[in-house]
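J.: One structure, pasted below without further comment.
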Amino acid sequence: RRSGEHMSKPDGGPAFACPAIPDSGHFVAPTEPGMSKRFYAACAAMQGDWASQSAETGEFTASITDEQLRANAARYFRMADAMIAEEQK
């Protein structure tokens with residue numbers, strides 16, 4: 001989802017807020033807000049999980065099921081939601 005679409009949870013706003021862009025003496029606001037902080041934080045959690053794979057901690061293999069992948073994705077978004085909630089205190 002794009003950050004401008006309706007979401008049930010706060011998305012934290014744009015991950016990389018972009019100020020108005022100078023254009024031939026006029027300032028033009030960006031038309032695409034980019035990814036939300038929520039999506040960016042979830043991606044960072046996923047990357048950390050994947051980077052820390054080992055025989056001791058477990059590994060993602062080609063045999064991982066869609067159900068397992070969805071459960072992992074849900075966990076990454078829960079982490080992102082917790083980060084946004086803490087940031088908004």
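A note on labels: chains of the structure tokens are A, B, ... as shown, every chain counts residues from 1, and ligands are counted from 1 in their shown order.
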Within 12 Å of Phe77 in chain A, counting only C-alpha atoms, which residues qualify if same-chain residues fewer than 6 places away don't, as a tab-separated table (two decimals) with N, CA, C and O atoms, in the first residue's frame?
T.:
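Final output, saved to selection.tsv:
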chain	number	residue	atom	x	y	z
A	9	LYS	N	-3.65	1.03	10.65
A	9	LYS	CA	-2.67	1.43	11.65
A	9	LYS	C	-1.92	2.66	11.13
A	9	LYS	O	-1.75	2.82	9.93
A	10	PRO	N	-1.43	3.50	12.06
A	10	PRO	CA	-0.63	4.64	11.61
A	10	PRO	C	0.61	4.14	10.87
A	10	PRO	O	1.22	3.16	11.30
A	11	ASP	N	0.96	4.79	9.78
A	11	ASP	CA	2.13	4.34	9.02
A	11	ASP	C	3.37	5.17	9.30
A	11	ASP	O	4.43	4.92	8.77
A	36	SER	N	6.17	4.25	3.31
A	36	SER	CA	5.91	4.73	4.67
A	36	SER	C	7.01	4.26	5.61
A	36	SER	O	7.75	3.32	5.32
A	37	LYS	N	7.09	4.93	6.76
A	37	LYS	CA	8.03	4.49	7.80
A	37	LYS	C	7.70	3.06	8.24
A	37	LYS	O	8.58	2.26	8.52
A	38	ARG	N	6.40	2.73	8.27
A	38	ARG	CA	5.97	1.39	8.68
A	38	ARG	C	6.53	0.33	7.74
A	38	ARG	O	7.10	-0.67	8.18
A	39	PHE	N	6.40	0.55	6.45
A	39	PHE	CA	6.90	-0.41	5.47
A	39	PHE	C	8.43	-0.49	5.53
A	39	PHE	O	9.01	-1.56	5.51
A	40	TYR	N	9.08	0.67	5.65
A	40	TYR	CA	10.54	0.70	5.73
A	40	TYR	C	11.05	-0.06	6.96
A	40	TYR	O	11.99	-0.85	6.87
A	41	ALA	N	10.40	0.17	8.11
A	41	ALA	CA	10.82	-0.51	9.34
A	41	ALA	C	10.58	-2.02	9.24
A	41	ALA	O	11.40	-2.81	9.70
A	42	ALA	N	9.47	-2.42	8.62
A	42	ALA	CA	9.20	-3.84	8.44
A	42	ALA	C	10.25	-4.47	7.52
A	42	ALA	O	10.73	-5.58	7.79
A	43	CYS	N	10.64	-3.76	6.48
A	43	CYS	CA	11.69	-4.27	5.58
A	43	CYS	C	13.02	-4.40	6.31
A	43	CYS	O	13.75	-5.37	6.11
A	44	ALA	N	13.33	-3.43	7.15
A	44	ALA	CA	14.59	-3.49	7.91
A	44	ALA	C	14.58	-4.69	8.87
A	44	ALA	O	15.60	-5.37	9.01
A	45	ALA	N	13.43	-4.96	9.50
A	45	ALA	CA	13.33	-6.11	10.39
A	45	ALA	C	13.53	-7.40	9.60
A	45	ALA	O	14.22	-8.33	10.03
A	46	MET	N	12.93	-7.47	8.41
A	46	MET	CA	13.07	-8.65	7.55
A	46	MET	C	14.53	-8.84	7.15
A	46	MET	O	15.07	-9.95	7.22
A	70	ARG	N	4.03	-15.62	5.47
A	70	ARG	CA	3.03	-14.65	5.94
A	70	ARG	C	3.18	-14.41	7.44
A	70	ARG	O	3.05	-13.28	7.91
A	71	ALA	N	3.45	-15.47	8.21
A	71	ALA	CA	3.64	-15.31	9.65
A	71	ALA	C	4.87	-14.44	9.93
A	71	ALA	O	4.84	-13.58	10.82
A	83	MET	N	7.57	0.16	16.86
A	83	MET	CA	8.52	1.28	16.72
A	83	MET	C	7.79	2.59	16.50
A	83	MET	O	8.12	3.61	17.10
A	84	ILE	N	6.77	2.56	15.65
A	84	ILE	CA	6.00	3.80	15.38
A	84	ILE	C	5.26	4.24	16.64
A	84	ILE	O	5.25	5.42	16.96
J.: Could you check how far CA of Glu67 in chain A sits from CA of Met35 in chain A, in Å to one decimal?
T.: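 Interatomic distance, CA of Glu67 in chain A to CA of Met35 in chain A: 24.9 Å.
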J.: Which distance in Å separates CA of Glu87 in chain A and CA of Gly12 in chain A, to one decimal?
T.: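 Answer for the CA of Glu87 in chain A to CA of Gly12 in chain A separation: 8.7 Å.
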